[in-house]
Structure formats: C-alpha cells, structure tokens
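Asker: Sharing protein_7.txt, compact mmCIF, C-alpha atoms:
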# COMPACT_ATOMS: atom_id res chain seq x y z
CA MET A 93 0.00 0.00 0.00
CA THR A 94 1.27 3.47 -0.84
CA PRO A 95 2.08 6.01 1.89
CA ALA A 96 -0.83 8.15 0.71
CA ALA A 97 -3.23 5.25 1.07
CA ALA A 98 -1.85 4.42 4.49
CA ASN A 99 -2.29 8.01 5.62
CA ALA A 100 -5.84 8.03 4.26
CA ALA A 101 -6.64 5.11 6.54
CA LEU A 102 -5.71 7.08 9.67
CA PRO A 103 -8.50 8.76 11.60
CA SER A 104 -8.66 12.51 11.61
CA GLY A 105 -6.00 14.02 13.80
CA ALA A 106 -3.60 11.07 13.71
CA ALA A 107 -0.09 11.77 12.50
CA PRO A 108 1.30 9.70 9.66
CA GLY A 109 3.38 6.83 10.98
CA ALA A 110 1.70 6.97 14.39
CA GLY A 111 -1.00 4.75 15.74
CA PRO A 112 -4.46 6.23 16.30
CA PRO A 113 -5.10 7.91 19.65
CA ALA A 114 -6.70 5.70 22.29
CA PRO A 115 -10.48 6.23 22.12
CA HIS A 116 -12.67 6.77 25.16
CA PRO A 117 -13.88 3.50 26.75
CA PHE A 118 -17.43 4.45 25.74
CA VAL A 119 -16.38 4.14 22.10
CA THR A 120 -15.25 0.56 22.71
CA ALA A 121 -18.53 -0.28 24.44
CA ASN A 122 -20.43 1.43 21.62
CA LEU A 123 -18.72 -0.64 18.93
CA VAL A 124 -19.29 -3.88 20.86
CA ALA A 125 -22.98 -2.99 21.23
CA GLN A 126 -23.36 -2.19 17.53
CA ILE A 127 -21.99 -5.60 16.59
CA ALA A 128 -24.01 -7.40 19.26
CA PHE A 129 -27.23 -5.79 18.04
CA GLY A 130 -27.36 -7.99 14.95
CA LEU A 131 -26.95 -11.15 17.01
CA ILE A 132 -29.67 -10.08 19.44
CA ALA A 133 -32.07 -9.33 16.58
CA MET A 134 -31.19 -12.70 15.03
CA THR A 135 -31.79 -14.88 18.08
CA ILE A 136 -34.27 -13.14 20.40
CA CYS A 137 -37.27 -14.56 18.54
CA LEU A 138 -36.01 -18.17 18.39
CA PRO A 139 -38.19 -19.31 21.35
CA SER A 140 -41.26 -17.97 19.52
CA MET A 141 -40.62 -19.77 16.24
CA PRO A 142 -42.15 -23.16 17.21
CA GLN A 143 -45.49 -21.39 17.81
CA TRP A 144 -45.51 -19.16 14.73
CA GLY A 145 -46.85 -21.96 12.55
CA ALA A 146 -50.04 -22.29 14.59
CA LEU A 147 -50.37 -18.57 15.28
CA LEU A 148 -49.90 -17.53 11.64
CA GLY A 149 -51.55 -20.50 9.97
CA ALA A 150 -48.41 -21.84 8.28
CA GLY A 151 -46.28 -24.97 8.31
CA GLN A 152 -43.09 -25.19 10.35
CA ALA A 153 -41.00 -25.51 7.19
CA GLY A 154 -42.28 -22.11 6.11
CA VAL A 155 -41.56 -20.65 9.53
CA GLN A 156 -37.89 -21.54 9.08
CA PHE A 157 -37.74 -18.98 6.27
CA THR A 158 -38.03 -16.25 8.90
CA PHE A 159 -34.62 -17.31 10.22
CA GLY A 160 -33.09 -18.24 6.87
CA GLY A 161 -34.22 -14.97 5.30
CA TYR A 162 -32.62 -12.99 8.10
CA LEU A 163 -29.35 -14.91 7.75
CA LEU A 164 -29.28 -14.53 3.97
CA ALA A 165 -29.81 -10.77 4.09
CA PHE A 166 -27.47 -10.41 7.08
CA GLY A 167 -24.66 -12.20 5.27
CA CYS A 168 -25.03 -10.82 1.75
CA LEU A 169 -25.47 -7.15 2.68
CA GLN A 170 -22.18 -7.17 4.54
CA VAL A 171 -20.25 -7.24 1.27
CA VAL A 172 -22.16 -4.12 0.18
CA TYR A 173 -21.90 -2.15 3.42
CA GLY A 174 -18.14 -2.72 3.68
CA PRO A 175 -17.05 -0.86 0.52
CA LEU A 176 -19.75 1.78 1.05
CA SER A 177 -18.34 2.52 4.50
CA ASP A 178 -14.85 2.80 2.99
CA ARG A 179 -16.23 5.29 0.47
CA HIS A 180 -18.73 7.35 2.48
CA GLY A 181 -17.52 6.86 6.05
CA ARG A 182 -18.50 4.42 8.79
CA LYS A 183 -21.06 6.47 10.69
CA GLN A 184 -23.25 7.31 7.70
CA VAL A 185 -23.52 3.68 6.60
CA LEU A 186 -24.16 2.48 10.15
CA VAL A 187 -26.97 4.99 10.67
CA ALA A 188 -28.59 3.99 7.37
CA GLY A 189 -28.43 0.31 8.34
CA LEU A 190 -29.92 0.95 11.79
CA VAL A 191 -32.81 2.89 10.25
CA LEU A 192 -33.47 -0.11 8.00
CA ALA A 193 -33.28 -2.49 10.98
CA LEU A 194 -35.71 -0.28 12.90
CA ALA A 195 -38.16 -0.35 9.99
CA GLY A 196 -37.89 -4.15 9.73
CA SER A 197 -38.47 -4.58 13.47
CA VAL A 198 -41.59 -2.39 13.39
CA LEU A 199 -42.93 -4.25 10.36
CA ALA A 200 -42.32 -7.58 12.11
CA ALA A 201 -44.16 -6.43 15.25
CA PHE A 202 -47.23 -5.62 13.14
CA ALA A 203 -47.04 -8.64 10.80
CA HIS A 204 -50.27 -10.64 10.59
CA ASP A 205 -49.18 -13.47 8.29
CA LEU A 206 -46.07 -15.48 7.54
CA PRO A 207 -45.08 -13.78 4.23
CA GLY A 208 -45.21 -10.41 5.96
CA LEU A 209 -43.08 -11.68 8.83
CA VAL A 210 -40.53 -13.23 6.47
CA GLY A 211 -40.27 -9.97 4.52
CA ALA A 212 -39.88 -7.96 7.72
CA ARG A 213 -37.13 -10.29 8.94
CA VAL A 214 -35.28 -9.90 5.64
CA VAL A 215 -35.42 -6.10 6.00
CA GLN A 216 -34.33 -6.40 9.63
CA GLY A 217 -31.35 -8.62 8.73
CA ALA A 218 -30.35 -6.35 5.87
CA GLY A 219 -30.19 -3.39 8.24
CA ALA A 220 -28.53 -5.19 11.16
CA ALA A 221 -25.66 -6.30 8.90
CA ALA A 222 -24.31 -2.74 8.91
CA GLY A 223 -23.38 -2.91 12.59
CA THR A 224 -21.30 -6.06 12.12
CA VAL A 225 -19.26 -4.63 9.23
CA VAL A 226 -18.92 -1.07 10.46
CA GLY A 227 -18.10 -2.20 13.99
CA ARG A 228 -15.23 -4.43 12.88
CA ALA A 229 -13.92 -1.88 10.39
CA SER A 230 -14.06 0.87 13.02
CA VAL A 231 -11.91 -1.26 15.32
CA GLN A 232 -9.25 -1.14 12.58
CA ASP A 233 -9.68 2.64 12.26
CA LEU A 234 -9.50 3.46 15.95
CA PHE A 235 -7.17 0.88 17.52
CA HIS A 236 -3.78 -0.51 16.64
CA GLY A 237 -1.46 -3.39 17.52
CA PRO A 238 -2.41 -5.67 20.42
CA GLN A 239 -5.09 -3.20 21.52
CA ARG A 240 -7.02 -4.01 18.32
CA THR A 241 -6.97 -7.72 19.18
CA ARG A 242 -8.08 -6.97 22.74
CA VAL A 243 -11.13 -5.10 21.43
CA MET A 244 -11.86 -7.99 19.08
CA ALA A 245 -11.73 -10.24 22.15
CA TYR A 246 -14.32 -8.06 23.90
CA ILE A 247 -16.46 -8.39 20.78
CA GLY A 248 -15.98 -12.16 20.91
CA MET A 249 -17.17 -12.24 24.52
CA ALA A 250 -20.29 -10.34 23.52
CA MET A 251 -20.86 -12.68 20.59
CA GLY A 252 -20.68 -15.66 22.94
CA LEU A 253 -22.94 -14.12 25.59
CA CYS A 254 -25.63 -12.36 23.54
CA PRO A 255 -27.31 -15.29 21.70
CA PRO A 256 -28.09 -17.39 24.81
CA ALA A 257 -29.03 -14.29 26.80
CA ALA A 258 -31.28 -13.06 23.98
CA THR A 259 -33.11 -16.38 23.76
CA ILE A 260 -33.76 -16.33 27.52
CA VAL A 261 -35.11 -12.77 27.36
CA GLY A 262 -37.10 -13.57 24.23
CA GLY A 263 -38.74 -16.57 25.83
CA GLN A 264 -39.75 -14.58 28.90
CA LEU A 265 -41.18 -11.74 26.80
CA HIS A 266 -43.11 -14.21 24.68
CA GLU A 267 -44.71 -15.80 27.73
CA ARG A 268 -45.65 -12.50 29.36
CA PHE A 269 -46.46 -10.14 26.49
CA GLY A 270 -46.69 -12.19 23.29
CA TRP A 271 -44.24 -12.83 20.46
CA GLN A 272 -44.56 -9.31 19.03
CA SER A 273 -42.93 -7.89 22.17
CA ASN A 274 -39.57 -9.29 21.02
CA PHE A 275 -39.65 -7.10 17.94
CA VAL A 276 -40.80 -4.10 19.97
CA LEU A 277 -37.72 -4.53 22.15
CA VAL A 278 -35.45 -4.84 19.10
CA ALA A 279 -37.00 -1.67 17.67
CA ALA A 280 -36.28 0.14 20.94
CA LEU A 281 -32.70 -1.15 20.86
CA ALA A 282 -32.35 0.09 17.28
CA VAL A 283 -33.36 3.58 18.42
CA ALA A 284 -30.82 3.39 21.24
CA MET A 285 -28.12 2.20 18.83
CA LEU A 286 -28.97 5.06 16.45
CA ALA A 287 -28.52 7.60 19.23
CA ALA A 288 -25.28 5.95 20.38
CA ALA A 289 -23.89 5.87 16.84
CA TRP A 290 -24.85 9.44 16.02
CA ARG A 291 -23.63 10.98 19.25
CA GLY A 292 -20.88 8.62 20.39
CA LEU A 293 -18.88 7.39 17.38
CA PRO A 294 -16.26 9.43 15.54
CA ALA A 295 -16.49 9.81 11.77
CA THR A 296 -13.94 7.45 10.21
CA GLY A 297 -13.44 5.73 6.85
CA ALA A 298 -11.63 6.65 3.66
CA ARG A 299 -13.16 8.95 1.05
CA PRO A 300 -12.10 8.36 -2.58
CA PRO A 301 -12.34 11.07 -5.26
CA ALA A 302 -15.86 12.26 -5.98
CA ARG A 303 -15.73 11.16 -9.62
CA SER A 304 -15.18 7.50 -8.79
CA HIS A 305 -18.12 5.09 -9.25
CA TRP A 306 -19.25 3.14 -6.19
CA LEU A 307 -19.70 -0.18 -8.03
CA ARG A 308 -16.30 0.08 -9.68
CA ASP A 309 -14.77 0.97 -6.33
CA MET A 310 -16.46 -2.00 -4.65
CA LEU A 311 -15.28 -4.49 -7.27
CA GLY A 312 -11.82 -2.95 -7.24
CA ALA A 313 -11.65 -3.25 -3.45
CA TYR A 314 -12.48 -6.94 -3.55
CA ALA A 315 -10.03 -7.54 -6.38
CA ARG A 316 -7.34 -5.79 -4.34
CA LEU A 317 -8.08 -7.96 -1.31
CA ALA A 318 -8.09 -11.13 -3.40
CA ARG A 319 -4.50 -10.35 -4.43
CA GLU A 320 -3.42 -10.30 -0.76
CA PRO A 321 -2.50 -13.89 0.20
CA GLY A 322 -2.33 -12.95 3.87
CA PHE A 323 -5.91 -11.67 3.79
CA VAL A 324 -7.19 -14.74 1.94
CA LEU A 325 -5.50 -17.06 4.43
CA HIS A 326 -6.86 -15.17 7.44
CA VAL A 327 -10.37 -15.43 5.98
CA ALA A 328 -9.84 -19.14 5.29
CA VAL A 329 -8.83 -19.78 8.90
CA LEU A 330 -11.80 -17.80 10.19
CA ALA A 331 -14.28 -19.45 7.82
CA ALA A 332 -13.17 -23.00 8.61
CA THR A 333 -13.29 -22.25 12.33
CA VAL A 334 -16.84 -20.94 12.08
CA ALA A 335 -17.83 -24.00 10.02
CA THR A 336 -16.55 -26.19 12.86
CA PHE A 337 -18.71 -24.35 15.36
CA TYR A 338 -21.85 -24.43 13.19
CA ALA A 339 -21.37 -28.16 12.62
CA PHE A 340 -21.35 -28.51 16.40
CA LEU A 341 -24.55 -26.46 16.73
CA GLY A 342 -26.29 -28.44 14.01
CA GLY A 343 -25.21 -31.87 15.24
CA ALA A 344 -25.16 -31.49 19.01
CA PRO A 345 -28.93 -31.96 19.53
CA LEU A 346 -28.81 -35.15 17.44
CA VAL A 347 -25.83 -36.53 19.34
CA LEU A 348 -27.32 -35.63 22.71
CA SER A 349 -30.61 -37.28 21.79
CA SER A 350 -28.68 -40.52 21.23
CA TYR A 351 -27.73 -40.27 24.93
CA GLY A 352 -31.38 -39.81 25.90
CA VAL A 353 -31.15 -36.05 26.48
CA GLY A 354 -34.50 -34.37 25.77
CA PRO A 355 -35.16 -30.87 24.38
CA SER A 356 -35.16 -29.29 27.83
CA GLY A 357 -31.68 -30.59 28.58
CA VAL A 358 -29.94 -29.89 25.28
CA GLY A 359 -29.18 -26.27 26.13
CA VAL A 360 -27.46 -27.24 29.38
CA TYR A 361 -24.89 -29.35 27.56
CA ILE A 362 -24.48 -27.02 24.57
CA MET A 363 -23.80 -24.02 26.82
CA ALA A 364 -20.41 -25.48 27.74
CA VAL A 365 -19.00 -24.28 24.42
CA PRO A 366 -20.31 -20.66 24.36
CA LEU A 367 -19.31 -20.12 27.99
CA SER A 368 -15.81 -21.46 27.45
CA TYR A 369 -15.60 -19.35 24.27
CA ILE A 370 -16.24 -16.27 26.40
CA GLY A 371 -13.45 -17.44 28.71
CA GLY A 372 -11.10 -17.89 25.77
CA ASN A 373 -11.81 -14.36 24.56
CA TYR A 374 -11.07 -13.05 28.03
CA LEU A 375 -7.75 -14.88 28.00
CA THR A 376 -6.99 -13.31 24.63
CA SER A 377 -7.60 -9.82 26.00
CA ARG A 378 -5.15 -10.58 28.83
CA LEU A 379 -2.44 -12.49 26.94
CA VAL A 380 -2.17 -10.91 23.50
CA ARG A 381 0.42 -8.34 24.51
CA ARG A 382 2.58 -10.98 26.19
CA LEU A 383 2.33 -13.86 23.73
CA GLY A 384 1.52 -12.18 20.42
CA GLU A 385 -1.20 -12.97 17.89
CA ARG A 386 0.53 -15.79 16.00
CA LEU A 387 1.26 -17.82 19.14
CA LEU A 388 -2.29 -17.33 20.45
CA MET A 389 -3.68 -18.61 17.14
CA ALA A 390 -1.43 -21.68 17.31
CA ILE A 391 -2.48 -22.44 20.90
CA GLY A 392 -6.12 -21.98 19.89
CA GLN A 393 -5.79 -24.48 17.04
CA ALA A 394 -4.06 -26.99 19.31
CA LEU A 395 -6.77 -26.76 21.98
CA THR A 396 -9.52 -27.06 19.37
CA ALA A 397 -8.00 -30.15 17.78
CA ALA A 398 -7.34 -31.71 21.20
CA GLY A 399 -10.94 -31.22 22.32
CA ILE A 400 -12.38 -32.77 19.15
CA ALA A 401 -9.93 -35.67 19.24
CA LEU A 402 -10.93 -36.36 22.84
CA VAL A 403 -14.60 -36.42 21.84
CA ILE A 404 -13.84 -39.00 19.14
CA LEU A 405 -11.76 -41.16 21.47
CA LEU A 406 -14.37 -41.13 24.25
CA GLY A 407 -17.08 -41.82 21.70
CA VAL A 408 -15.24 -44.89 20.47
CA ALA A 409 -14.77 -46.02 24.07
CA GLY A 410 -18.51 -45.58 24.57
CA THR A 411 -19.02 -44.73 28.24
CA GLY A 412 -22.64 -43.79 27.51
CA SER A 413 -22.64 -40.39 29.25
CA PRO A 414 -23.46 -37.10 27.47
CA LEU A 415 -20.63 -35.51 29.43
CA GLU A 416 -18.16 -37.43 27.27
CA PHE A 417 -19.41 -35.24 24.42
CA SER A 418 -19.84 -31.83 26.06
CA LEU A 419 -16.96 -31.59 28.53
CA PRO A 420 -14.09 -32.14 26.04
CA LEU A 421 -15.54 -29.40 23.86
CA VAL A 422 -14.73 -26.90 26.57
CA LEU A 423 -11.26 -27.05 25.02
CA LEU A 424 -12.80 -26.18 21.65
CA GLY A 425 -14.59 -23.17 23.13
CA ILE A 426 -11.40 -21.87 24.75
CA GLY A 427 -9.43 -22.55 21.57
CA HIS A 428 -11.90 -20.64 19.41
CA GLY A 429 -11.81 -17.80 21.94
CA LEU A 430 -8.05 -17.54 21.43
CA LEU A 431 -8.27 -17.98 17.66
CA VAL A 432 -11.21 -15.95 16.39
CA PRO A 433 -10.37 -12.45 17.79
CA THR A 434 -6.79 -12.59 16.51
CA CYS A 435 -7.97 -13.82 13.14
CA MET A 436 -10.64 -11.11 12.84
CA ALA A 437 -8.06 -8.47 13.71
CA GLY A 438 -5.84 -9.86 10.94
CA THR A 439 -8.58 -9.66 8.30
CA VAL A 440 -9.24 -5.94 8.80
CA GLY A 441 -5.65 -4.94 9.55
CA LEU A 442 -3.76 -6.03 6.43
CA VAL A 443 -5.13 -3.31 4.13
CA PRO A 444 -6.38 -0.57 6.49
CA ALA A 445 -7.84 1.62 3.71
CA LEU A 446 -10.13 -1.30 2.76
CA ALA A 447 -11.09 -2.33 6.29
CA GLY A 448 -14.80 -2.10 5.52
CA ALA A 449 -14.57 -4.30 2.44
CA ALA A 450 -12.39 -6.76 4.37
CA ALA A 451 -14.93 -6.97 7.20
CA GLY A 452 -17.69 -7.55 4.65
CA VAL A 453 -15.85 -10.44 2.98
CA ALA A 454 -15.03 -12.01 6.33
CA GLY A 455 -18.63 -11.70 7.48
CA LEU A 456 -20.04 -13.27 4.32
CA ALA A 457 -17.47 -16.08 4.45
CA GLN A 458 -18.49 -16.83 8.03
CA GLN A 459 -22.17 -17.01 7.11
CA LEU A 460 -21.60 -19.22 4.06
CA THR A 461 -19.22 -21.67 5.70
CA GLY A 462 -21.35 -21.70 8.82
CA ALA A 463 -24.31 -22.75 6.69
CA LEU A 464 -22.12 -25.41 5.07
CA GLY A 465 -21.08 -26.70 8.49
CA GLY A 466 -24.69 -27.04 9.56
CA TRP A 467 -25.67 -28.67 6.26
CA VAL A 468 -23.06 -31.44 6.17
CA VAL A 469 -24.24 -32.65 9.57
CA GLY A 470 -27.18 -34.22 7.75
CA TRP A 471 -24.92 -36.34 5.57
CA VAL A 472 -24.17 -38.93 8.28
CA ARG A 473 -25.85 -40.74 11.16
CA HIS A 474 -25.34 -39.50 14.71
CA ASP A 475 -25.84 -42.47 16.99
CA GLY A 476 -22.94 -41.12 19.03
CA PRO A 477 -20.38 -38.31 18.85
CA VAL A 478 -17.86 -40.01 16.53
CA ASN A 479 -19.28 -38.96 13.15
CA LEU A 480 -19.89 -35.38 14.27
CA GLY A 481 -16.39 -35.30 15.76
CA LEU A 482 -14.89 -36.42 12.46
CA LEU A 483 -16.78 -33.72 10.55
CA MET A 484 -15.62 -31.06 13.00
CA LEU A 485 -12.07 -32.38 12.85
CA GLY A 486 -12.15 -32.11 9.04
CA PHE A 487 -13.05 -28.41 9.19
CA THR A 488 -10.46 -27.84 11.91
CA LEU A 489 -7.73 -29.46 9.80
CA CYS A 490 -8.64 -27.07 6.98
CA ALA A 491 -8.18 -24.17 9.41
CA ILE A 492 -4.85 -25.60 10.60
CA GLY A 493 -3.67 -25.99 7.00
CA ALA A 494 -4.54 -22.38 6.17
CA GLN A 495 -2.82 -21.19 9.34
CA ALA A 496 0.31 -23.20 8.51
CA ALA A 497 0.43 -21.51 5.10
CA LEU A 498 0.01 -18.15 6.82
CA GLN A 499 2.90 -18.92 9.16
CA ARG A 500 5.16 -19.93 6.26
CA ARG A 501 4.31 -16.73 4.43
CA SER A 502 5.06 -14.65 7.56
CA ARG A 503 8.50 -16.25 7.93
CA ARG A 504 9.36 -15.50 4.29
CA SER A 505 8.29 -11.84 4.52
Please go through the file and, once you have read it, give me the structure as structure tokens.

Answerer:
Amino acid sequence: MTPAAANAALPSGAAPGAGPPAPHPFVTANLVAQIAFGLIAMTICLPSMPQWGALLGAGQAGVQFTFGGYLLAFGCLQVVYGPLSDRHGRKQVLVAGLVLALAGSVLAAFAHDLPGLVGARVVQGAGAAAGTVVGRASVQDLFHGPQRTRVMAYIGMAMGLCPPAATIVGGQLHERFGWQSNFVLVAALAVAMLAAAWRGLPATGARPPARSHWLRDMLGAYARLAREPGFVLHVAVLAATVATFYAFLGGAPLVLSSYGVGPSGVGVYIMAVPLSYIGGNYLTSRLVRRLGERLLMAIGQALTAAGIALVILLGVAGTGSPLEFSLPLVLLGIGHGLLVPTCMAGTVGLVPALAGAAAGVAGLAQQLTGALGGWVVGWVRHDGPVNLGLLMLGFTLCAIGAQAALQRRSRRS
C-alpha cells in the first residue's frame, strides 16, 4: 500500500506513521454494542418460532424462512456495506443500516401473516448487517497493535454471551407479552443504537475522489483484497473455524438425543461451548500483549483439535454419558476464543484503507461456511459423537492448513 493510502486510513487528527489515539472507553462499548445488536435481533425470537406456525396458519417448514431470510440478508449485505463505509464513512452507513433495521423490526411487530413476517425479517437482517461490518472496520480505524486484538476479544465475549441471553429474554417476553414484544424490544434497541452511533462514534473511513463510481470501487476493493495472500488465508482460517462451530450447533442436539437427552436438557450441555468461548476471549484480552497474535492462534488451534480428538476417542470407548461429548468441547470453546479475535483483527488490519470491504468479505465467508457446516451434519448418522467429531475435525484441519500456510508466508516476509 502506498504512503498516501496508508495516511488516508488514519483517523482525523492522527499523525502519519503513528497509531491512532486511544479512544474513550465508551467508544469501545459502543462498537461492541453495535456488533451485538445484529446477534440479538437474530436470536431473540427463536423461542417464539415453534409457535408461529399455529399462530400464523403456516407450516413449520415455512416458519424456518423467517430465520433463513434474516441470515441470507445479514450475510449478503455485509459485502455491500463494507465498501460503502470505505467510500462514504463508517457512521453514515451504520446509521442507514440501523434505520433499515428499525423499519424491519416495526414491520415484524405488526405482521399478521407469515409472508409479511418473512419480509420484515429480511429487512431487519439487511439493516442489522451494517453494525457487524462497520463495527469491525471501526476497530481497525481506531485501535492498533495488540489493543485491536483486545477489542476484538471483547467483541468475541459479547458474541458468545448475547445469543443465549437473547433467547432467555425472548422466551420470557413471549410468555408474558406475546411474540410481538420481542420485535418491539429490538426496535427500541435500534433507536438506542442510532442515538449511540450518532452521538458517540467518531467519523472514520476513507473517502475516494468524488468522480469515482461506487460499483467500480467495490469491485476494485475486492479484487485488491483477493490479491493479498495474507488476507485470503486469514479469511480461510476464520471461515473453517466458524464451520466447525456451526457443525457442532447443528449436530449437538442429534448426538445428545442418542444419549437420551431431551429438548429441555440440550441447552445445558451445549452451553459449555459458548461459555468457554467467552473465557477464551477473556484470556486473549489478557495475553495478547505478552504472547503475540501468532502464538495465540497456534495455541487456539491446538486446543480445538485436542478437544475434538478427545470427543472422538471417548465416543469410540462408549461410556454412555453425554458428558463425554460436552466436557471435552470446553477445550474447543477456549481454543476458538483464542483464535477468532486474533484472526478477525488480521482480516481488517492487512489493508487498512479497505477495512470495511475486508470486514464484509469475512462476514459473508463466516455465514456461508457456517451454513455449510450445519448442512453437512445431515450427511451422516449420529448415533454417538464419533461422526460429528470427524466432521468437525475435518473443518479444523482445513483451518490448521490455512494457518500453517500463513505462518510460512510470515516467515518469508
């Protein structure tokens, strides 16, 4: 990258060659909240979904489109918001996305049939995607070095905590006030996020010449990133890691049912992974300055592989307890907590002037490979944990291979 491009990536007031000034702690909390908003909007209504079929006069297969439509819009719009935030600035794009999410939430609260609810969820997901991209890109704009990875670790802790917390809150609201109350709460959160973004976030993001065309800029940004092997490898590590986790989410209920665990008990065993993931992110925030990003990634891969291997070995031994499946995966949760924040920091940090586009690519890759991880679970039987463990190990080996290539490239440069 040229010196001019590097200087363009600095926030206003930062001297060339110097790292950005340390933002106020409220800015960090604001960015974490903006990213968490999309996860809350995604998951808060999950407890209501089993009843939507009867309430809206539709089949359960159709109800699943409310979740799939959100995910599709949430993933695809990230690759649009990223370059737009590089071109027009982070705050403007974030505000536009939050307005769209607010509109989708209001439409969902007043939906009277399934097609209307599906459409509202698509609009909601399309708007919420802005917070994920702009939040990650803003971390690149405002933080540098190990501090950037520490903030990514805080984001990882929020990402581990928000989905289970949102489902608990959503279930309670559904029971007391009806399913529409979940969308009323999300709409209120969108208003709060709008105020926080408008008043509490600095204006960052590069601004190309006025004569440039946005579509040409977007395609050029992605072509530029595709020519960066380090970026491609970071995304490959991140994508394969997410696929491992989504395979776990998709297969865990099936494996646990083979142990006789009913629907009410599945969450207890699954929670071992998100909680340990939060712990791993906390360790990252504490250790990154001392150990460095590359070593943390290596330790994370080793712990992940060890946890999955232990699941396979205990499954072959066949003790017949669901703990032989869930407890070893605590190592996976900690490993992912060490791995994901450092990898996310690497994706947005290699080409700072294209941080928005980089965050968009990484976000879409996570959604697509996550969907793949959940899909391949259906290819095999799950009478025990062995087949699921082998699938997860396959994705993990892909991540290890990409990380090994990244390490070799780092030693040569």

Asker: Show me a table, sorted first by chain and then by increasing residue number, of the residues of region 417-444 of chain A having an atom at most 12 Å from region 451-471 of chain A, each with its shortest atom pair and the distance in Å to one decimal, counting all atoms listed in the file and written as a Markdown table.

Answerer:
| residue | atom | partner | partner_atom | distance |
| --- | --- | --- | --- | --- |
| A:Val432 | CA | A:Gln458 | CA | 11.1 |
| A:Cys435 | CA | A:Ala454 | CA | 10.0 |
| A:Met436 | CA | A:Ala454 | CA | 7.9 |
| A:Ala437 | CA | A:Ala451 | CA | 9.6 |
| A:Gly438 | CA | A:Ala451 | CA | 10.2 |
| A:Thr439 | CA | A:Ala451 | CA | 7.0 |
| A:Val440 | CA | A:Ala451 | CA | 6.0 |
| A:Gly441 | CA | A:Ala451 | CA | 9.8 |
| A:Leu442 | CA | A:Ala451 | CA | 11.2 |
| A:Val443 | CA | A:Ala451 | CA | 10.9 |
| A:Pro444 | CA | A:Ala451 | CA | 10.7 |

Asker: For Gly371 (chain A), work out the shell of residues within 8 Å, counting all atoms listed in the file and skipping chain neighbours fewer than 6 positions away, then give it as a PDB file with C-alpha atoms, in the coordinates of the input.

Answerer:
ATOM      1  CA  MET A 249     -17.170 -12.240  24.520  1.00  0.00           C
ATOM      2  CA  ILE A 426     -11.400 -21.870  24.750  1.00  0.00           C
ATOM      3  CA  GLY A 429     -11.810 -17.800  21.940  1.00  0.00           C
TER       4      GLY A 429
END

Asker: To one decimal place, how far is CA of Trp290 (chain A) from CA of His116 (chain A) in Å?

Answerer: 15.5 Å

Asker: Which residue out of A:Pro238, A:Gly399, A:Gly352, A:Gly223 has the minimum interatomic distance to Ala289 (chain A) when all atoms listed in the file are used?

Answerer: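 Using all atoms listed in the file, Ala289 (chain A) sits closest to A:Gly223.
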
Asker: If you count only C-alpha atoms, which residues fall within 9 Å of Asn373 (chain A), apart from same-chain ones fewer than 4 positions away, as a VMD selection string?

Answerer: chain A and resid 242 244 to 249 368 to 369 377 to 378 426 428 to 433

Asker: As an exercise, work out the distance from CA of Val225 (chain A) to CA of Leu163 (chain A) in Å and give it to one decimal place.

Answerer: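 Interatomic distance, CA of Val225 (chain A) to CA of Leu163 (chain A): 14.5 Å.
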
Asker: Could you pull the residues within 10 Å of Leu317 (chain A), counting all atoms listed in the file, minus those fewer than 2 positions along the same chain, as a CSV table (one decimal) with C-alpha atoms, in the frame of the given file?

Answerer:
chain,number,residue,atom,x,y,z
A,311,LEU,CA,-15.3,-4.5,-7.3
A,312,GLY,CA,-11.8,-3.0,-7.2
A,313,ALA,CA,-11.6,-3.2,-3.4
A,314,TYR,CA,-12.5,-6.9,-3.6
A,315,ALA,CA,-10.0,-7.5,-6.4
A,319,ARG,CA,-4.5,-10.4,-4.4
A,320,GLU,CA,-3.4,-10.3,-0.8
A,321,PRO,CA,-2.5,-13.9,0.2
A,322,GLY,CA,-2.3,-13.0,3.9
A,323,PHE,CA,-5.9,-11.7,3.8
A,324,VAL,CA,-7.2,-14.7,1.9
A,439,THR,CA,-8.6,-9.7,8.3
A,442,LEU,CA,-3.8,-6.0,6.4
A,443,VAL,CA,-5.1,-3.3,4.1
A,446,LEU,CA,-10.1,-1.3,2.8
A,447,ALA,CA,-11.1,-2.3,6.3
A,449,ALA,CA,-14.6,-4.3,2.4
A,450,ALA,CA,-12.4,-6.8,4.4
A,453,VAL,CA,-15.8,-10.4,3.0

Asker: Determine, counting all atoms listed in the file, which protein, DNA and RNA residues have an atom within 9 Å of an atom of Val210 (chain A); residues of the same chain fewer than 3 positions away are not included. Present the result as a count of residues only.

Answerer: 14

Asker: Under the rule that all atoms listed in the file are counted, which of A:Gly476, A:Pro420, A:Gly130, A:Gly481 is the nearest residue to Val365 (chain A)?

Answerer: A:Pro420

Asker: Considering only C-alpha atoms, return as an mmCIF file with C-alpha atoms, in the coordinates of the input whatever protein or nucleic-acid residues lie within 8 Å of Gly189 (chain A), sequence-local ones (same chain, fewer than 5 positions apart) excluded.

Answerer:
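Resulting contents of around12.cif:
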data_model
loop_
_atom_site.group_PDB
_atom_site.id
_atom_site.type_symbol
_atom_site.label_atom_id
_atom_site.label_comp_id
_atom_site.auth_asym_id
_atom_site.auth_seq_id
_atom_site.Cartn_x
_atom_site.Cartn_y
_atom_site.Cartn_z
ATOM 1 C CA ALA A 218 -30.350 -6.350 5.870
ATOM 2 C CA GLY A 219 -30.190 -3.390 8.240
ATOM 3 C CA ALA A 220 -28.530 -5.190 11.160
ATOM 4 C CA ALA A 221 -25.660 -6.300 8.900
ATOM 5 C CA ALA A 222 -24.310 -2.740 8.910
ATOM 6 C CA GLY A 223 -23.380 -2.910 12.590
#

Asker: What does the distance from CA of Ile370 (chain A) to CA of Gly252 (chain A) come to in Å, to one decimal?

Answerer: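 Going from CA of Ile370 (chain A) over to CA of Gly252 (chain A) covers 5.7 Å.
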
Asker: Of the candidates A:Gly448, A:Phe337, A:Trp144, A:Ala398, which shows the shortest atom-to-atom distance to Val226 (chain A), using only C-alpha atoms?

Answerer: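 For Val226 (chain A), the nearest of the given residues is A:Gly448.
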
Asker: Ranking A:Gln170, A:Ser413, A:Ser273, A:Thr336 by minimum distance to Leu485 (chain A) and counting all atoms listed in the file, which one comes first?

Answerer: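 Using all atoms listed in the file, Leu485 (chain A) sits closest to A:Thr336.
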
Asker: Out of A:Gly196, A:Gly154, A:Gly174, A:Gly407, which residue has the shortest atom-to-atom distance to Ala279 (chain A) when counting only C-alpha atoms?

Answerer: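 Ranked by minimum distance to Ala279 (chain A), first place goes to A:Gly196.
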
Asker: With distances taken over all atoms listed in the file, which of A:Ala409, A:Val403, A:Ala339, A:Leu277 is nearest to Leu421 (chain A)?

Answerer: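 So, comparing all the options, the nearest one is A:Val403.
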
Asker: Could you pull out every residue with an atom within 12 Å of (2.0, -18.4, 10.4), file coordinates, counting only C-alpha atoms, and send them as a ChimeraX atom specification?

Answerer: /A:322,325-326,329,384-390,393,435,438,491-505
